[in-house]
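S.K.: So that you have it, the file is structure01.txt, and it contains compact mmCIF, C-alpha atoms:
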# COMPACT_ATOMS: atom_id res chain seq x y z
CA MET A 1 -11.25 22.03 -10.28
CA LYS A 2 -8.01 20.61 -11.60
CA LYS A 3 -7.51 16.89 -11.26
CA ALA A 4 -5.20 15.79 -8.47
CA VAL A 5 -1.92 14.43 -9.84
CA ILE A 6 -1.10 11.15 -8.12
CA GLY A 7 2.39 9.67 -8.36
CA VAL A 8 2.26 5.87 -8.46
CA THR A 9 5.31 3.85 -7.46
CA PRO A 10 6.34 1.50 -10.29
CA LEU A 11 6.42 -2.26 -10.24
CA TRP A 12 9.76 -3.86 -11.13
CA ASP A 13 10.55 -7.05 -13.02
CA ARG A 14 14.05 -8.40 -12.37
CA ASP A 15 13.96 -11.03 -15.12
CA ARG A 16 12.94 -8.53 -17.79
CA ASP A 17 14.96 -5.69 -16.23
CA SER A 18 11.95 -3.42 -16.61
CA TYR A 19 9.36 -1.27 -14.85
CA TRP A 20 5.70 -2.09 -15.33
CA MET A 21 2.26 -1.27 -13.97
CA LEU A 22 -0.99 -3.10 -13.27
CA PRO A 23 -3.75 -1.08 -14.93
CA GLY A 24 -6.05 -1.35 -11.89
CA TYR A 25 -3.94 1.09 -9.86
CA LEU A 26 -4.22 3.76 -12.55
CA GLU A 27 -7.80 2.99 -13.53
CA GLY A 28 -8.98 3.07 -9.92
CA LEU A 29 -7.44 6.52 -9.50
CA GLU A 30 -8.81 7.74 -12.83
CA LEU A 31 -12.32 6.59 -11.93
CA ALA A 32 -11.99 8.57 -8.69
CA GLY A 33 -11.15 11.70 -10.70
CA ALA A 34 -7.36 11.80 -10.47
CA LEU A 35 -4.59 12.05 -13.05
CA PRO A 36 -2.16 9.22 -12.17
CA ILE A 37 1.43 9.09 -13.37
CA THR A 38 3.88 6.21 -12.98
CA LEU A 39 7.05 7.40 -11.25
CA PRO A 40 10.66 6.52 -12.12
CA LEU A 41 12.78 4.46 -9.75
CA THR A 42 15.31 7.13 -8.89
CA GLU A 43 17.54 7.34 -5.84
CA ASP A 44 18.43 11.00 -6.46
CA ALA A 45 17.17 13.04 -3.51
CA GLY A 46 16.84 16.18 -5.63
CA ASP A 47 14.74 14.40 -8.24
CA ILE A 48 12.56 12.88 -5.54
CA SER A 49 12.07 16.33 -4.03
CA ARG A 50 10.93 17.57 -7.43
CA LEU A 51 8.48 14.69 -7.74
CA VAL A 52 7.05 15.47 -4.31
CA SER A 53 6.49 19.08 -5.33
CA LEU A 54 4.91 18.06 -8.65
CA CYS A 55 2.43 15.53 -7.28
CA ASP A 56 -0.57 16.09 -5.01
CA GLY A 57 -0.44 12.59 -3.52
CA PHE A 58 1.22 9.21 -3.82
CA LEU A 59 0.05 5.62 -4.20
CA PHE A 60 2.48 2.97 -2.96
CA THR A 61 1.81 -0.26 -4.86
CA GLY A 62 2.36 -3.97 -4.22
CA GLY A 63 5.31 -6.03 -5.41
CA GLN A 64 8.60 -7.26 -3.99
CA ASP A 65 9.14 -7.97 -0.31
CA VAL A 66 10.29 -5.09 1.86
CA SER A 67 13.94 -5.56 2.85
CA PRO A 68 14.17 -6.71 6.49
CA GLU A 69 17.13 -4.36 6.84
CA LEU A 70 14.59 -1.53 7.03
CA TYR A 71 13.41 -2.91 10.37
CA GLY A 72 16.73 -4.19 11.67
CA GLU A 73 16.54 -7.84 10.68
CA LYS A 74 18.31 -10.15 8.24
CA PRO A 75 16.32 -11.91 5.52
CA CYS A 76 15.20 -15.41 6.46
CA VAL A 77 15.35 -18.22 3.91
CA THR A 78 11.64 -17.82 3.13
CA CYS A 79 11.83 -14.07 2.53
CA GLY A 80 11.01 -13.29 -1.10
CA GLU A 81 12.67 -11.21 -3.79
CA ILE A 82 13.90 -7.76 -2.72
CA CYS A 83 14.55 -4.72 -4.89
CA ALA A 84 17.05 -2.54 -3.01
CA LYS A 85 16.63 0.35 -5.45
CA ARG A 86 12.89 0.34 -4.95
CA ASP A 87 13.26 0.30 -1.15
CA THR A 88 15.63 3.27 -1.28
CA PHE A 89 13.42 5.23 -3.66
CA GLU A 90 10.24 4.59 -1.71
CA GLN A 91 11.86 5.35 1.65
CA ARG A 92 13.08 8.74 0.42
CA LEU A 93 9.77 9.46 -1.30
CA PHE A 94 7.74 8.49 1.76
CA THR A 95 9.92 10.55 4.10
CA GLN A 96 9.73 13.71 1.98
CA ALA A 97 6.03 13.34 1.25
CA LEU A 98 5.34 12.78 4.95
CA GLU A 99 7.25 15.93 5.88
CA GLN A 100 5.07 17.92 3.48
CA ASP A 101 1.87 16.16 4.60
CA LYS A 102 1.10 14.90 1.11
CA PRO A 103 -1.77 12.38 1.04
CA MET A 104 -0.58 8.80 0.60
CA LEU A 105 -2.27 5.45 0.11
CA GLY A 106 -0.46 2.14 0.51
CA ILE A 107 -1.70 -1.16 -0.94
CA CYS A 108 -0.37 -4.62 0.07
CA ARG A 109 3.41 -4.03 0.05
CA GLY A 110 2.44 -0.42 0.71
CA ILE A 111 1.05 -1.13 4.18
CA GLN A 112 4.10 -3.23 4.98
CA PHE A 113 6.44 -0.53 3.71
CA PHE A 114 4.73 2.26 5.68
CA ASN A 115 5.01 0.16 8.83
CA ALA A 116 8.69 -0.65 8.28
CA CYS A 117 9.58 2.97 7.49
CA LEU A 118 7.89 4.19 10.66
CA GLY A 119 9.66 1.73 12.96
CA GLY A 120 7.48 -1.39 12.90
CA THR A 121 8.38 -4.96 11.95
CA LEU A 122 7.00 -7.56 9.54
CA TYR A 123 6.39 -11.26 9.37
CA GLN A 124 8.81 -12.19 6.60
CA ASP A 125 6.79 -15.27 5.65
CA LEU A 126 3.31 -15.92 7.00
CA PRO A 127 3.11 -19.67 6.20
CA THR A 128 6.14 -20.39 8.40
CA GLU A 129 5.83 -17.60 10.99
CA TYR A 130 2.05 -17.23 11.32
CA PRO A 131 0.33 -20.43 10.13
CA SER A 132 -3.38 -20.01 9.52
CA GLU A 133 -6.31 -21.58 7.72
CA VAL A 134 -7.31 -18.16 6.38
CA ALA A 135 -6.45 -17.72 2.70
CA HIS A 136 -3.90 -14.92 2.37
CA VAL A 137 -2.64 -16.08 -1.04
CA MET A 138 -5.67 -16.48 -3.27
CA CYS A 139 -6.09 -17.84 -6.79
CA PRO A 140 -7.63 -15.90 -9.69
CA PRO A 141 -9.99 -14.20 -10.16
CA TYR A 142 -8.68 -11.60 -7.74
CA ASP A 143 -11.82 -9.47 -7.43
CA ARG A 144 -13.64 -11.88 -5.10
CA VAL A 145 -13.84 -12.13 -1.31
CA VAL A 146 -11.68 -14.78 0.36
CA HIS A 147 -11.83 -13.70 4.01
CA SER A 148 -13.32 -11.04 6.22
CA ALA A 149 -11.79 -8.12 8.09
CA ALA A 150 -13.20 -6.51 11.20
CA ILE A 151 -13.20 -2.72 10.92
CA LEU A 152 -12.48 -0.95 14.17
CA PRO A 153 -15.21 1.50 15.20
CA GLU A 154 -14.41 5.21 15.42
CA THR A 155 -11.74 4.95 12.74
CA PRO A 156 -11.70 6.86 9.44
CA LEU A 157 -12.28 3.60 7.54
CA ALA A 158 -15.38 2.81 9.59
CA ALA A 159 -16.67 6.33 8.99
CA LEU A 160 -16.01 6.07 5.26
CA LEU A 161 -17.58 2.65 4.71
CA GLY A 162 -20.26 2.81 7.39
CA ARG A 163 -19.69 -0.77 8.49
CA THR A 164 -17.78 -2.89 11.02
CA GLU A 165 -16.97 -5.87 8.79
CA LEU A 166 -15.67 -6.12 5.25
CA GLY A 167 -15.06 -9.00 2.88
CA VAL A 168 -11.68 -8.64 1.19
CA ASN A 169 -9.50 -10.24 -1.45
CA SER A 170 -5.99 -11.24 -0.37
CA TYR A 171 -2.63 -11.97 -1.98
CA HIS A 172 0.40 -11.59 0.31
CA HIS A 173 2.90 -13.69 2.25
CA GLN A 174 4.21 -10.88 4.48
CA ALA A 175 2.26 -8.76 6.97
CA ILE A 176 2.62 -6.35 9.88
CA LYS A 177 4.09 -7.97 12.99
CA ALA A 178 4.75 -5.12 15.44
CA LEU A 179 2.78 -2.00 14.58
CA ALA A 180 4.94 1.09 14.14
CA PRO A 181 4.74 3.92 16.69
CA GLY A 182 2.27 6.52 15.50
CA LEU A 183 0.36 4.18 13.19
CA ALA A 184 -3.18 3.34 14.25
CA GLU A 185 -4.96 0.14 13.28
CA MET A 186 -8.22 0.38 11.33
CA ALA A 187 -8.98 -3.26 10.47
CA ARG A 188 -7.90 -6.77 11.43
CA SER A 189 -8.34 -10.10 9.63
CA GLU A 190 -10.31 -12.95 11.13
CA ASP A 191 -7.03 -14.65 12.11
CA GLY A 192 -5.66 -11.55 13.83
CA LEU A 193 -3.46 -9.80 11.25
CA VAL A 194 -3.51 -6.02 10.82
CA GLU A 195 -5.36 -5.27 7.57
CA ALA A 196 -5.57 -1.46 7.52
CA VAL A 197 -3.77 1.45 9.22
CA TYR A 198 -3.59 5.23 9.22
CA LEU A 199 -1.54 8.08 10.69
CA PRO A 200 -3.92 10.13 12.86
CA ASP A 201 -1.77 13.27 12.80
CA LYS A 202 -1.62 13.51 8.99
CA THR A 203 -4.16 14.68 6.42
CA PHE A 204 -4.41 11.28 4.73
CA VAL A 205 -1.90 8.46 5.19
CA TRP A 206 -3.85 5.23 4.87
CA ALA A 207 -2.80 1.72 3.91
CA VAL A 208 -4.63 -1.56 3.35
CA GLN A 209 -3.38 -5.12 3.07
CA TRP A 210 -5.99 -6.18 0.50
CA HIS A 211 -6.22 -5.21 -3.18
CA PRO A 212 -8.78 -2.55 -4.18
CA GLU A 213 -6.98 -2.23 -7.53
CA PHE A 214 -8.39 -5.67 -8.44
CA SER A 215 -11.87 -5.20 -6.98
CA PHE A 216 -12.88 -1.58 -7.66
CA HIS A 217 -14.81 -2.53 -10.81
CA THR A 218 -17.27 -4.61 -8.81
CA ASP A 219 -16.88 -3.40 -5.22
CA GLU A 220 -18.21 -0.05 -4.02
CA ASN A 221 -16.06 -0.12 -0.89
CA SER A 222 -12.89 -0.30 -2.98
CA ARG A 223 -14.09 2.67 -5.02
CA LYS A 224 -14.77 4.60 -1.81
CA ILE A 225 -11.17 4.10 -0.66
CA PHE A 226 -9.77 5.42 -3.94
CA SER A 227 -12.22 8.32 -3.86
CA ALA A 228 -11.36 9.30 -0.28
CA PHE A 229 -7.66 9.33 -1.17
CA VAL A 230 -8.18 11.41 -4.30
CA ALA A 231 -10.45 13.81 -2.43
CA ALA A 232 -7.73 14.38 0.17
CA ALA A 233 -5.16 15.01 -2.57
CA SER A 234 -7.58 17.40 -4.30
CA ASP A 235 -8.25 19.48 -1.20
CA PRO A 236 -6.71 22.95 -1.73
CA ARG A 237 -6.10 23.15 2.01
CA GLY A 238 -3.81 20.07 1.82
Show how you would write the structure in this file as structure tokens.
M.R.:
Amino acid sequence: MKKAVIGVTPLWDRDRDSYWMLPGYLEGLELAGALPITLPLTEDAGDISRLVSLCDGFLFTGGQDVSPELYGEKPCVTCGEICAKRDTFEQRLFTQALEQDKPMLGICRGIQFFNACLGGTLYQDLPTEYPSEVAHVMCPPYDRVVHSAAILPETPLAALLGRTELGVNSYHHQAIKALAPGLAEMARSEDGLVEAVYLPDKTFVWAVQWHPEFSFHTDENSRKIFSAFVAAASDPRG
């Protein structure tokens, strides 16, 4: 069987005016049997269409804050850095991939972006809008557990992991506020934030708020998430 080709959205560094990539995203996919490729930040609809046809699935990575304009709000003073080009690219990529039912996995910013694209809203800054004693911005090393997440029963994540609670790492200051129509919750943090979602009417559109790209070396559950995504992208029926 040929390896599934997974397009990975690039990280962007404003100060260095450059694209870059954390190796964990690619290594996690490679360990699961995929061939990952880092995508260009293009706004050309034709080029994006070509990328969608070339790739079997897409991983939406972490990074800059999602522009509040995507969900009809103006940035507050505590909203972080925004990359308009990345928002445009990912919105067009997500829309086209969704239309073709290409498997997609979102991580951190990815879950926030999926929610915003589908009509949900975000907390622009958790410390000021959703104060909590739960650690959502952890210190290194990033492959350790800092809080727990309750996994909802009878969800694909519960079926995959075979458990109702999961210890997760965490590094984010934004999160889902109002869940988008069509998205279904799969996990919730101990202080009530949505930690995982999926689209029930699609082959595989999952997203998590935590960081399996940091923990897959030591955590079997992180490896299972990557493997389930790659398996969906490898399915000839997809």
S.K.: Around the point (-6.6, -15.3, -6.9), in the coordinates given by the file, pick out the residues reaching within 12 Å, counting all atoms listed in the file, and return them as a list in words.
M.R.: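 Within the cut-off we find Ala135, His136, Val137, Met138, Cys139, Pro140, Pro141, Tyr142, Asp143, Arg144, Val145, Val146, Val168, Asn169, Ser170, Tyr171, His172, Trp210, His211, Phe214 and Ser215 of chain A.
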S.K.: Provide the atom CA of A:Pro103 to atom CA of A:Gly57 distance in Å, to one decimal place.
M.R.: 4.8 Å
S.K.: For A:Thr78, which residue among A:Phe114, A:Asp15, A:Ile48, A:Gln174 is the nearest when counting only C-alpha atoms?
M.R.: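 For A:Thr78, the nearest of the given residues is A:Gln174.
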S.K.: Do a neighbour search on A:Ile82 at 8 Å with only C-alpha atoms, toss out local chain neighbours closer than 6 positions, and write the hits as a short mmCIF file (atom, residue, chain, number, x, y, z; two decimals) with C-alpha atoms, in the frame of the given file.
M.R.:
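Dumped to around_35.cif:
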data_model
loop_
_atom_site.label_atom_id
_atom_site.label_comp_id
_atom_site.auth_asym_id
_atom_site.auth_seq_id
_atom_site.Cartn_x
_atom_site.Cartn_y
_atom_site.Cartn_z
CA GLN A 64 8.60 -7.26 -3.99
CA ASP A 65 9.14 -7.97 -0.31
CA VAL A 66 10.29 -5.09 1.86
CA SER A 67 13.94 -5.56 2.85
#
S.K.: So which residues touch stretch 21-31 of chain A within 10 Å, counting all atoms listed in the file, skipping near sequence neighbours fewer than 4 positions away, as an MDAnalysis selection string?
M.R.: chainID A and resid 3:12 35:38 59:62 107 211:217 222:223 225:227 229:230
S.K.: Keeping C-alpha atoms, export the residues of the selection given above as a PDB file, in the frame of the given file.
M.R.:
ATOM      1  CA  LYS A   3      -7.510  16.890 -11.260  1.00  0.00           C
ATOM      2  CA  ALA A   4      -5.200  15.790  -8.470  1.00  0.00           C
ATOM      3  CA  VAL A   5      -1.920  14.430  -9.840  1.00  0.00           C
ATOM      4  CA  ILE A   6      -1.100  11.150  -8.120  1.00  0.00           C
ATOM      5  CA  GLY A   7       2.390   9.670  -8.360  1.00  0.00           C
ATOM      6  CA  VAL A   8       2.260   5.870  -8.460  1.00  0.00           C
ATOM      7  CA  THR A   9       5.310   3.850  -7.460  1.00  0.00           C
ATOM      8  CA  PRO A  10       6.340   1.500 -10.290  1.00  0.00           C
ATOM      9  CA  LEU A  11       6.420  -2.260 -10.240  1.00  0.00           C
ATOM     10  CA  TRP A  12       9.760  -3.860 -11.130  1.00  0.00           C
ATOM     11  CA  LEU A  35      -4.590  12.050 -13.050  1.00  0.00           C
ATOM     12  CA  PRO A  36      -2.160   9.220 -12.170  1.00  0.00           C
ATOM     13  CA  ILE A  37       1.430   9.090 -13.370  1.00  0.00           C
ATOM     14  CA  THR A  38       3.880   6.210 -12.980  1.00  0.00           C
ATOM     15  CA  LEU A  59       0.050   5.620  -4.200  1.00  0.00           C
ATOM     16  CA  PHE A  60       2.480   2.970  -2.960  1.00  0.00           C
ATOM     17  CA  THR A  61       1.810  -0.260  -4.860  1.00  0.00           C
ATOM     18  CA  GLY A  62       2.360  -3.970  -4.220  1.00  0.00           C
ATOM     19  CA  ILE A 107      -1.700  -1.160  -0.940  1.00  0.00           C
ATOM     20  CA  HIS A 211      -6.220  -5.210  -3.180  1.00  0.00           C
ATOM     21  CA  PRO A 212      -8.780  -2.550  -4.180  1.00  0.00           C
ATOM     22  CA  GLU A 213      -6.980  -2.230  -7.530  1.00  0.00           C
ATOM     23  CA  PHE A 214      -8.390  -5.670  -8.440  1.00  0.00           C
ATOM     24  CA  SER A 215     -11.870  -5.200  -6.980  1.00  0.00           C
ATOM     25  CA  PHE A 216     -12.880  -1.580  -7.660  1.00  0.00           C
ATOM     26  CA  HIS A 217     -14.810  -2.530 -10.810  1.00  0.00           C
ATOM     27  CA  SER A 222     -12.890  -0.300  -2.980  1.00  0.00           C
ATOM     28  CA  ARG A 223     -14.090   2.670  -5.020  1.00  0.00           C
ATOM     29  CA  ILE A 225     -11.170   4.100  -0.660  1.00  0.00           C
ATOM     30  CA  PHE A 226      -9.770   5.420  -3.940  1.00  0.00           C
ATOM     31  CA  SER A 227     -12.220   8.320  -3.860  1.00  0.00           C
ATOM     32  CA  PHE A 229      -7.660   9.330  -1.170  1.00  0.00           C
ATOM     33  CA  VAL A 230      -8.180  11.410  -4.300  1.00  0.00           C
TER      34      VAL A 230
END
S.K.: Residues within 6 Å of (2.1, 13.2, 5.4), file coordinates, counting all atoms listed in the file: what are they? Give the list as a list in words.
M.R.: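 Collected hits near the coordinates: Ala97, Leu98, Glu99, Gln100, Asp101, Lys102, Pro103 and Lys202 of chain A.
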S.K.: Figure out the distance between atom CA of A:Ala232 and atom CA of A:Ala196, please, to one decimal in Å.
M.R.: 17.6 Å
S.K.: Using all atoms listed in the file, which of the listed residues (A:Asp17, A:Asp235, A:Asp47, A:Glu185) sits closest to A:Asn115?
M.R.: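 Looking only at the distances to A:Asn115, the closest residue turns out to be A:Glu185.
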